[in-house]
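Student: Take a look at this one; I'll ask things after.
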Amino acid sequence: MYYFDYVFLKGYFAPAIGIDLSTSYYGWVPLSLPLPLTLIITSLSKPFPLLLSQFSPEKPSHRRTKSLYLRHRLFNMEPTAQHRLHSIKLWPPSPSTRQVLVDRIIKNLTTPSILSRKYGLLSTEEAEEDAKRIESAAFATANQHFEKEPDGDGSSAVQLYAKESSTLMVEAVKRGPSIKEEHEAMPMYETVTVTADHETVFDISGGSRAFLKEDEAKELLKPLQKPGNEYKKIRFSNRSFGLDAARVAVPILVSLKDQLTEVDLSDIVAGRPEDEALEVMSMFSSSLKGSDLRYLNLSDNALGEKGIRAFEELLSSQSNLEELYLINNGISEEAAKAVCELIPSTKKLKILHFHNNMTGDEGAVAISELLRKSPLLEDFRCSSTRVGSEGGVPLSEALATCTHLKKLDLRDNMFGVEAGVALSKSISVFTNLTEIYLSYLNLENEGALALSNALKDSAASLEVIDMAGNDITSEAAPGLAACFVAKKESLTKINLSENELGDEGTIVIAKALKEEFPRLTEVDLSVNAIRRAGARVLAQAVVGKPGFKLLNIDGNFVSDEGVDDVKEVFKNSPDVLGPLDENDPEGQTFDGEDEENGDDDDEELGSKLKGLEIKQEE
């Protein structure tokens, strides 16, 4: 099976949105179609046919960004057409092109896939809302990037547009369909009231995402104007405020600011021109200046430094924040510095989320200073922020001051071994840690071992360990296994997918999992070059565990006989075994060996199977 992320077209970067992404992981598209394959690249103003040929899989240095090198050639193109191709301005995309991407995302979100079987399939209505939000956020992020290089052809903006769309789409799939509560059946614009703790929530985020007009704002916000109301929490997200609607909201917010404790202004300027969006954000900021908030959410507003400074009056008046969310805001190095500059105190901060931004190394250094001033932090998320080793090391060192940390999410960055080792030195202080997400960090064996050894001796109540996509081989398996055993009383989920454990490493892990793990519910070793022996032993190690819900070993090299073995092991609990649709019986391992040697592998691994005889579930 082959994978690719994007297609390079004569030097121009274009998302291959003509391909079904329904089974993609973080933007990778598995190809099982016969080659040659003709693709229509629809992100340009005019489609161009492209023949993909001579696929050449190579061992990636980082699975998220490099798993296949494509050599391609254009065909059926006249010289004049080729000349026009080189002179194309790729950004911004036309409205019709943007709609094509929205339609493609809707199809992907509503098509059954491996992920949808695990997380649930979105309804058409929900997919339509998510698709518009995803495209709008991706466009805003890419457009902000393009403004920094106006003389370019827009190729890098298209690249970012594609990457952001793909990442957000996978997040939407993994988030799954919304749980339908009773209040969601209320008519649009109804408020949701919670009275158990004598507090009231005003929430207008339900219903379809839409631009909010002045007359609609007046009607919608009427409850907030009732004398003696006790609203302490407001949520304005999912409504795009223009200047007219904002002018309606401002005096209302001014009248309420002294009683508010939680404010959600996420996704409030979607689709607005930059000048209007900045003015709206500044108006909201001014109206809430001086409020004493515990919770503030400014996510999904494509803020950048300009947007952060548009909220200056609000941010600079907050000294008691406990939760701050800046997700998908285009937070660059300058914007990260602005956040640290404007917020006067984070001494009470418990939750800080910076997911999916353009923070980079210098931005990570700025965030590090914020961490050093947040001694009570319990939940820190800095995933998908383009942080490399230079930023990862100071960020990891700063985390040592956060001794109350319970949840740490650093996924999808380019930390590398050095930052991984630095993080391992901070982990010893995380005595309350329950969840740690370290996938796609380029940790390799050295970083993974340093971290697993540190976790083994700390975090007594660790529940979730995620180290997917780190080029971990069987060499690190004993250290990982020892860590798992040390946490066997508390562990609920283990994710080592998209590594290189092979049968040897998998069997070492399986031996560890044969012990009692009373709370374990999920193990994911998909895409690890596992063959029949490893799959069989791992299946036997987890089958029958009380409360166990999912074993994922898809995307491996298990023979047809091996698949039958595993299914037989789970014959009394087939729902516990994940799908095997992407298993490739003829796949090659990283050292070039193929499945024909599978039976020999079984013999060579015989010594490792001692004490792990196959038993059927009772």
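Scheme for the structure tokens: letters A, B, ... for chains in order shown; per-chain residue numbers from 1; ligand numbers from 1 in order shown.
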Under the rule of at most 6 Å, produce a per-residue listing of range 213-237 of chain A near range 244-263 of chain A: chain, number, name, the closest pair of atoms, and the distance in Å, as a Markdown table, using only C-alpha atoms.

Tutor:
```
| residue | atom | partner | partner_atom | distance |
| --- | --- | --- | --- | --- |
| A:Lys213 | CA | A:Ala245 | CA | 5.6 |
| A:Glu214 | CA | A:Ala245 | CA | 4.4 |
| A:Ala217 | CA | A:Ala245 | CA | 5.6 |
| A:Lys232 | CA | A:Leu260 | CA | 4.2 |
| A:Lys233 | CA | A:Glu262 | CA | 4.5 |
| A:Ile234 | CA | A:Val263 | CA | 5.2 |
```

Student: Pick out the residues sitting within 6 Å of Asp267 in chain A, and hand them over as a PyMOL selection string; count only C-alpha atoms, and ignore anything fewer than 2 positions along from it in its own chain.

Tutor: chain A and resi 237-238+269+300-301

Student: Excluding Phe236 in chain A and any residue of its chain fewer than 2 positions from it, enumerate the residues within 9 Å of it, using only C-alpha atoms, and give them as a list in words.

Tutor: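 Counting only C-alpha atoms, the residues come to Phe202, Asp203, Ile204, Ser205, Ile234, Asn238, Arg239, Ser240, Val263, Asp264, Leu265, Ser266, Asp267 and Ile268 of chain A.
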
Student: Mind writing the picked residues with C-alpha atoms as an mmCIF file, in the first residue's frame?

Tutor:
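After the write, result18.cif holds the following:
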```cif
data_model
loop_
_atom_site.group_PDB
_atom_site.id
_atom_site.type_symbol
_atom_site.label_atom_id
_atom_site.label_comp_id
_atom_site.auth_asym_id
_atom_site.auth_seq_id
_atom_site.Cartn_x
_atom_site.Cartn_y
_atom_site.Cartn_z
ATOM 1 C CA PHE A 202 -26.483 31.936 27.646
ATOM 2 C CA ASP A 203 -25.530 29.932 24.558
ATOM 3 C CA ILE A 204 -26.319 30.883 20.930
ATOM 4 C CA SER A 205 -23.906 28.454 19.295
ATOM 5 C CA ILE A 234 -22.026 33.384 27.647
ATOM 6 C CA ASN A 238 -20.782 29.813 15.654
ATOM 7 C CA ARG A 239 -22.283 33.222 14.842
ATOM 8 C CA SER A 240 -20.382 35.602 12.587
ATOM 9 C CA VAL A 263 -16.894 34.075 27.963
ATOM 10 C CA ASP A 264 -16.683 32.078 24.722
ATOM 11 C CA LEU A 265 -16.014 34.279 21.693
ATOM 12 C CA SER A 266 -14.676 31.503 19.473
ATOM 13 C CA ASP A 267 -15.481 31.612 15.761
ATOM 14 C CA ILE A 268 -17.307 34.968 15.846
#
```

Student: What gap, in Å, lies between CA of Lys493 in chain A and CA of Ser384 in chain A?

Tutor: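 About the pair CA of Lys493 in chain A and CA of Ser384 in chain A: they are 21.5 Å apart.
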
Student: From the options A:Ala419, A:Ala512, A:Cys382, A:Cys340, which residue's atoms come nearest to Ser396 in chain A, counting only C-alpha atoms?

Tutor: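 Closest candidate: A:Ala419.
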
Student: Which residues are near Gly562 in chain A? Cut-off 10 Å, only C-alpha atoms, ignore same chain within fewer than 6 positions. Put them as a list of chain:residue names.

Tutor: A:Arg531, A:Arg532, A:Ala533, A:Gly534, A:Ala535, A:Arg536, A:Glu568, A:Pro585, A:Gly598

Student: Could you take the residues named above and write them with N, CA, C and O atoms, as a PDB file, in the first residue's frame?

Tutor:
```
ATOM      1  N   ARG A 531       3.474  -9.085  11.528  1.00  0.00           N
ATOM      2  CA  ARG A 531       3.052 -10.239  10.736  1.00  0.00           C
ATOM      3  C   ARG A 531       2.229 -11.205  11.592  1.00  0.00           C
ATOM      4  O   ARG A 531       1.712 -10.819  12.645  1.00  0.00           O
ATOM      5  N   ARG A 532       2.116 -12.409  11.102  1.00  0.00           N
ATOM      6  CA  ARG A 532       1.221 -13.385  11.726  1.00  0.00           C
ATOM      7  C   ARG A 532       1.570 -13.653  13.185  1.00  0.00           C
ATOM      8  O   ARG A 532       0.697 -13.650  14.052  1.00  0.00           O
ATOM      9  N   ALA A 533       2.846 -13.879  13.476  1.00  0.00           N
ATOM     10  CA  ALA A 533       3.249 -14.237  14.836  1.00  0.00           C
ATOM     11  C   ALA A 533       2.932 -13.121  15.815  1.00  0.00           C
ATOM     12  O   ALA A 533       2.340 -13.349  16.880  1.00  0.00           O
ATOM     13  N   GLY A 534       3.323 -11.909  15.482  1.00  0.00           N
ATOM     14  CA  GLY A 534       3.090 -10.794  16.389  1.00  0.00           C
ATOM     15  C   GLY A 534       1.617 -10.522  16.592  1.00  0.00           C
ATOM     16  O   GLY A 534       1.178 -10.242  17.720  1.00  0.00           O
ATOM     17  N   ALA A 535       0.837 -10.566  15.509  1.00  0.00           N
ATOM     18  CA  ALA A 535      -0.594 -10.301  15.607  1.00  0.00           C
ATOM     19  C   ALA A 535      -1.283 -11.331  16.495  1.00  0.00           C
ATOM     20  O   ALA A 535      -2.130 -10.993  17.332  1.00  0.00           O
ATOM     21  N   ARG A 536      -0.906 -12.581  16.333  1.00  0.00           N
ATOM     22  CA  ARG A 536      -1.527 -13.658  17.094  1.00  0.00           C
ATOM     23  C   ARG A 536      -1.222 -13.518  18.583  1.00  0.00           C
ATOM     24  O   ARG A 536      -2.115 -13.635  19.438  1.00  0.00           O
ATOM     25  N   GLU A 568     -10.134 -15.929  15.072  1.00  0.00           N
ATOM     26  CA  GLU A 568     -10.495 -17.083  15.879  1.00  0.00           C
ATOM     27  C   GLU A 568     -10.304 -16.780  17.365  1.00  0.00           C
ATOM     28  O   GLU A 568     -11.115 -17.181  18.200  1.00  0.00           O
ATOM     29  N   PRO A 585      -1.234  -8.265   3.237  1.00  0.00           N
ATOM     30  CA  PRO A 585      -0.505  -9.531   3.400  1.00  0.00           C
ATOM     31  C   PRO A 585       0.786  -9.598   2.600  1.00  0.00           C
ATOM     32  O   PRO A 585       1.695 -10.360   2.948  1.00  0.00           O
ATOM     33  N   GLY A 598       7.140 -15.061   6.210  1.00  0.00           N
ATOM     34  CA  GLY A 598       6.363 -15.008   7.430  1.00  0.00           C
ATOM     35  C   GLY A 598       6.448 -16.261   8.255  1.00  0.00           C
ATOM     36  O   GLY A 598       6.577 -16.220   9.477  1.00  0.00           O
TER      37      GLY A 598
END
```
